[in-house]
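Undergrad: After the structure tokens below, expect a handful of questions from me.
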Amino acid sequence: MQKARNCLRSLKLSIILLPILISLNAYPQNISLPNAYAHNDYWHKRPLYDALDNGFTHIEADIYLRNNKLVVAHVLPRLRMHKTLDSLYLKPLLACINGINKNSNCPDFPIMLMIDIKSDPNETYLALKKLLERYRPMLSVYENGVYKQGEITIVLTGHKPVDLLKAERNRLAFVDEDLLQVKKDTLDQNFYQTASCRYSHILNWRGEGPIPVIEQQRLCTYVSEAHRYGKKVRLWASPENSVVWRKLLDCGVDLINTDQLEKLKSFLQYNGHIYAKAN
């Protein structure tokens with residue numbers, strides 16, 4: 001009799017757990033979203049961690065050089081000098097690589113960390129360069145004409161120290177090119193990793209009705225030229241809706257710029273196109 005009762009309990013437990021197990025198999029926890037770009041990531045409640053937990057592999061942080069610290073902020077920092085690039089991003093990413101980061105589900109590497117320089121480009125870069133040397137083993141590098149992929153790739157945008165970087169034979173950072181200049185400056189991904197511009201500089205379409213043919217052709221031309229030299233394309237300040245996102249991806253845009261992490265994650269995972277990759 002007791003054996004029969006135990007069997008009945010096991011059957012009931014299986015019935016209860018089955019939908020949960022099916023759900024876990026259908027929607028894996030650890031995901032990687034190669035097309036997802038966390039714009040101004042530090043605005044989120046948990047900088048870096050919210051992006052990683054949602055599978056983002058391209059993350060943006062704005063920095064200022066103040067009192068020899070690289071402070072993460074969108075406007076001139078005042079009271080939050082403790083929020084540094086090192087503490088919010090580089091140290092946690094290294095912990096993630098070493099398997100000791102307990103605050104996040106790290107996605108597949110490599111991860112691109114886009115650093116938007118808001119202060120003087122040359123002074124800020126020289127300070128950044130010293131900091132990056134401490135993390136050299138995990139970074140993508142350019143050494144004597146050879147590109148070596150690391151777990152983390154640093155790309156600079158905003159006030160870009162282009163001349164300093166071009167003069168270096170060995171460096172730990174790359175540059176975000178102006179997409180509108182992609183036909184003029186044809187350096188490959190050893191210097192430029194990405195090509196970006198404001199959405200409205202190419203498209204006026206906001207997702208209502210079909211995209212105008214001339215605008216689509218203009219976008220495709222820029223995307224094609226960027227891809228020719230191995231650069232990923234991103235349009236910032238783009239409309240935050242799935243109609244626009246789908247068209248951008250269909251036209252070959254590599255990175256979807258968003259402040260709405262979960263909304264984009266849901267779109268990339270479960271919409272009609274399979275853009276997400278499970279680990």
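Chain labels A, B, ... are given in the sequence in which chains occur in the structure tokens; within each chain residues are numbered consecutively from 1, and ligands are likewise numbered from 1 in the order shown.
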Identify, on the basis of only C-alpha atoms, every residue whose closest approach to Leu131 in chain A does not exceed 8 Å; exclude the query and any residue fewer than 4 positions from it along the same chain; express the result as a ChimeraX atom specification.
TA: /A:86,127,135
Undergrad: Tell me, counting only C-alpha atoms, for each residue of range 193-253 of chain A within 12 Å of range 177-189 of chain A, which pair of atoms is nearest and how far apart they are in Å to one decimal, in rows ordered by chain and increasing number, as a Markdown table.
TA:
```
| residue | atom | partner | partner_atom | distance |
| --- | --- | --- | --- | --- |
| A:Gln193 | CA | A:Gln189 | CA | 4.7 |
| A:Thr194 | CA | A:Glu177 | CA | 6.0 |
| A:Ala195 | CA | A:Glu177 | CA | 4.4 |
| A:Ser196 | CA | A:Leu179 | CA | 4.8 |
| A:Cys197 | CA | A:Leu179 | CA | 5.5 |
| A:Arg198 | CA | A:Leu179 | CA | 9.0 |
| A:Tyr199 | CA | A:Leu179 | CA | 10.5 |
| A:Ser200 | CA | A:Leu180 | CA | 11.8 |
| A:His201 | CA | A:Leu180 | CA | 8.3 |
| A:Ile202 | CA | A:Leu180 | CA | 8.6 |
| A:Arg218 | CA | A:Leu180 | CA | 10.6 |
| A:Leu219 | CA | A:Leu179 | CA | 10.1 |
| A:Cys220 | CA | A:Leu179 | CA | 11.8 |
| A:Thr221 | CA | A:Lys183 | CA | 9.9 |
| A:Tyr222 | CA | A:Leu179 | CA | 6.9 |
| A:Val223 | CA | A:Leu179 | CA | 8.4 |
| A:Ser224 | CA | A:Val182 | CA | 9.9 |
| A:Glu225 | CA | A:Lys183 | CA | 6.6 |
| A:Ala226 | CA | A:Val182 | CA | 6.1 |
| A:His227 | CA | A:Asp188 | CA | 9.6 |
| A:Arg228 | CA | A:Asp188 | CA | 8.7 |
| A:Tyr229 | CA | A:Asp188 | CA | 4.9 |
| A:Gly230 | CA | A:Gln189 | CA | 5.5 |
| A:Lys231 | CA | A:Gln189 | CA | 5.9 |
| A:Lys232 | CA | A:Gln189 | CA | 9.0 |
| A:Val233 | CA | A:Leu179 | CA | 7.5 |
| A:Arg234 | CA | A:Leu179 | CA | 8.4 |
| A:Leu235 | CA | A:Leu179 | CA | 8.7 |
| A:Trp236 | CA | A:Leu179 | CA | 11.0 |
| A:Val253 | CA | A:Leu179 | CA | 11.4 |
```
Undergrad: Can you measure CA of Gly55 in chain A to CA of Phe267 in chain A for me? One decimal in Å is fine.
TA: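 Distance reported for this atom pair: 12.5 Å.
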Undergrad: List the neighbours of Asn68 in chain A out to 10 Å using only C-alpha atoms; skip same-chain residues closer than 4 positions along the sequence, and give me the result as a list in words.
TA: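 After dropping sequence-adjacent residues, the list is Tyr64, Glu123, Thr124, Ala127 and Leu128 of chain A.
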Undergrad: CA of Lys265 in chain A and CA of Val72 in chain A, how far apart in Å?
TA: 24.5 Å
Undergrad: Counting only C-alpha atoms, which of A:Asn103, A:Gly158, A:Met112, A:Glu143 gets nearest to His74 in chain A?
TA: A:Gly158
Undergrad: Considering only strand (DSSP E or B) as DSSP defines it on the backbone, what residues of range 23-176 of chain A qualify? List them as number ranges by chain.
TA: A: 31-38, 56-66, 69-72, 84, 111-117, 139, 141-143, 146-148, 152-158, 170-171, 174-176
Undergrad: Could you write out, as a PyMOL selection string, all the residues of range 36-199 of chain A that DSSP marks as helix (DSSP H, G or I)?
TA: chain A and resi 41-43+49-53+85-97+121-133+136-138+162-166+179-181+199
Undergrad: Just to be explicit: take each residue in the selection above, keep C-alpha atoms, and write the result as a short mmCIF file (atom, residue, chain, number, x, y, z; two decimals), in the first residue's frame.
TA:
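Final output, saved to selection-v6.cif:
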```cif
data_model
loop_
_atom_site.label_atom_id
_atom_site.label_comp_id
_atom_site.auth_asym_id
_atom_site.auth_seq_id
_atom_site.Cartn_x
_atom_site.Cartn_y
_atom_site.Cartn_z
CA ASP A 41 23.98 50.82 -20.72
CA TYR A 42 24.89 52.54 -17.45
CA TRP A 43 21.38 54.06 -17.29
CA TYR A 49 24.53 42.92 -15.54
CA ASP A 50 21.11 43.73 -17.00
CA ALA A 51 22.64 43.63 -20.49
CA LEU A 52 24.48 40.35 -19.90
CA ASP A 53 21.44 38.72 -18.31
CA LEU A 85 34.75 52.33 -16.19
CA ASP A 86 36.98 50.00 -14.22
CA SER A 87 34.52 49.22 -11.43
CA LEU A 88 31.34 49.05 -13.53
CA TYR A 89 32.67 47.21 -16.59
CA LEU A 90 36.27 46.00 -16.77
CA LYS A 91 36.52 44.28 -13.39
CA PRO A 92 33.11 42.55 -13.70
CA LEU A 93 33.90 41.38 -17.25
CA LEU A 94 37.18 39.88 -16.11
CA ALA A 95 35.37 38.13 -13.26
CA CYS A 96 32.88 36.83 -15.81
CA ILE A 97 35.68 35.41 -17.95
CA PRO A 121 39.92 62.65 -26.82
CA ASN A 122 43.69 62.52 -26.54
CA GLU A 123 43.97 63.02 -22.79
CA THR A 124 41.14 60.58 -22.14
CA TYR A 125 42.62 57.97 -24.44
CA LEU A 126 46.04 58.13 -22.80
CA ALA A 127 44.42 57.47 -19.41
CA LEU A 128 42.28 54.72 -20.91
CA LYS A 129 45.31 53.13 -22.55
CA LYS A 130 47.02 52.73 -19.17
CA LEU A 131 43.90 51.17 -17.69
CA LEU A 132 43.44 48.74 -20.58
CA GLU A 133 47.00 47.45 -20.22
CA ARG A 136 45.45 42.98 -21.86
CA PRO A 137 44.99 39.17 -21.57
CA MET A 138 41.23 39.42 -22.11
CA VAL A 162 41.90 58.86 -34.44
CA ASP A 163 45.38 60.28 -35.09
CA LEU A 164 46.83 58.75 -31.92
CA LEU A 165 45.41 55.35 -32.73
CA LYS A 166 46.53 55.41 -36.37
CA LEU A 179 28.89 55.42 -41.49
CA LEU A 180 28.40 58.41 -43.79
CA GLN A 181 32.16 58.47 -44.44
CA TYR A 199 19.19 56.96 -37.86
#
```
Undergrad: Skipping near chain neighbours, those fewer than 6 positions away, what residues fall within 10 Å of Leu113 in chain A using only C-alpha atoms, listed as a ChimeraX atom specification?
TA: /A:37-38,48,57-61,89-90,93,152-156,173
Undergrad: Could you write those residues out with N, CA and C atoms, as a short mmCIF file (atom, residue, chain, number, x, y, z; two decimals), in the first residue's frame?
TA:
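Saved the output as again-v3.cif:
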```cif
data_model
loop_
_atom_site.label_atom_id
_atom_site.label_comp_id
_atom_site.auth_asym_id
_atom_site.auth_seq_id
_atom_site.Cartn_x
_atom_site.Cartn_y
_atom_site.Cartn_z
N TYR A 37 22.40 45.66 -29.06
CA TYR A 37 23.35 46.69 -28.63
C TYR A 37 22.71 47.51 -27.51
N ALA A 38 23.31 47.46 -26.32
CA ALA A 38 22.77 48.16 -25.16
C ALA A 38 23.29 49.60 -25.15
N LEU A 48 25.73 46.85 -16.92
CA LEU A 48 26.39 45.65 -17.43
C LEU A 48 25.58 44.40 -17.16
N THR A 57 25.58 41.28 -26.32
CA THR A 57 27.02 41.11 -26.51
C THR A 57 27.70 42.38 -27.00
N HIS A 58 26.93 43.46 -27.12
CA HIS A 58 27.48 44.77 -27.49
C HIS A 58 26.92 45.79 -26.50
N ILE A 59 27.83 46.45 -25.77
CA ILE A 59 27.43 47.28 -24.64
C ILE A 59 28.16 48.61 -24.71
N GLU A 60 27.44 49.69 -24.43
CA GLU A 60 28.00 51.04 -24.54
C GLU A 60 28.10 51.74 -23.19
N ALA A 61 29.23 52.41 -22.96
CA ALA A 61 29.42 53.22 -21.76
C ALA A 61 30.08 54.54 -22.16
N TYR A 89 32.59 48.04 -15.38
CA TYR A 89 32.67 47.21 -16.59
C TYR A 89 33.88 46.29 -16.66
N LEU A 90 35.09 46.82 -16.53
CA LEU A 90 36.27 46.00 -16.77
C LEU A 90 36.46 44.92 -15.70
N LEU A 93 33.70 42.21 -16.06
CA LEU A 93 33.90 41.38 -17.25
C LEU A 93 35.03 40.38 -17.05
N ILE A 152 37.08 40.31 -25.00
CA ILE A 152 36.47 41.64 -24.99
C ILE A 152 37.15 42.51 -26.04
N THR A 153 36.35 43.16 -26.87
CA THR A 153 36.88 44.09 -27.87
C THR A 153 36.46 45.50 -27.49
N ILE A 154 37.43 46.39 -27.36
CA ILE A 154 37.17 47.78 -27.02
C ILE A 154 37.08 48.61 -28.29
N VAL A 155 35.97 49.33 -28.45
CA VAL A 155 35.78 50.20 -29.60
C VAL A 155 35.46 51.60 -29.10
N LEU A 156 36.13 52.60 -29.65
CA LEU A 156 35.98 53.99 -29.21
C LEU A 156 35.08 54.77 -30.17
N ALA A 173 42.66 49.07 -28.57
CA ALA A 173 41.37 49.70 -28.86
C ALA A 173 41.21 49.91 -30.36
#
```
Undergrad: Counting only C-alpha atoms, which residue out of A:Ile256, A:Ile63, A:Leu264, A:Leu248 sits closest to Thr157 in chain A?
TA: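 Distance minimum relative to Thr157 in chain A lands on A:Ile63.
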Undergrad: So, counting only C-alpha atoms, which residue among A:Glu151, A:Asn40, A:Ser266, A:Glu240 is closest to Asn98 in chain A?
TA: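 Comparing A:Glu151, A:Asn40, A:Ser266, A:Glu240 against Asn98 in chain A, the winner is A:Glu151.
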Undergrad: Would you work out the distance separating CA of Gln217 in chain A from CA of Asn257 in chain A, expressed in Å to one decimal?
TA: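 CA of Asn257 in chain A lies 20.6 Å from CA of Gln217 in chain A.
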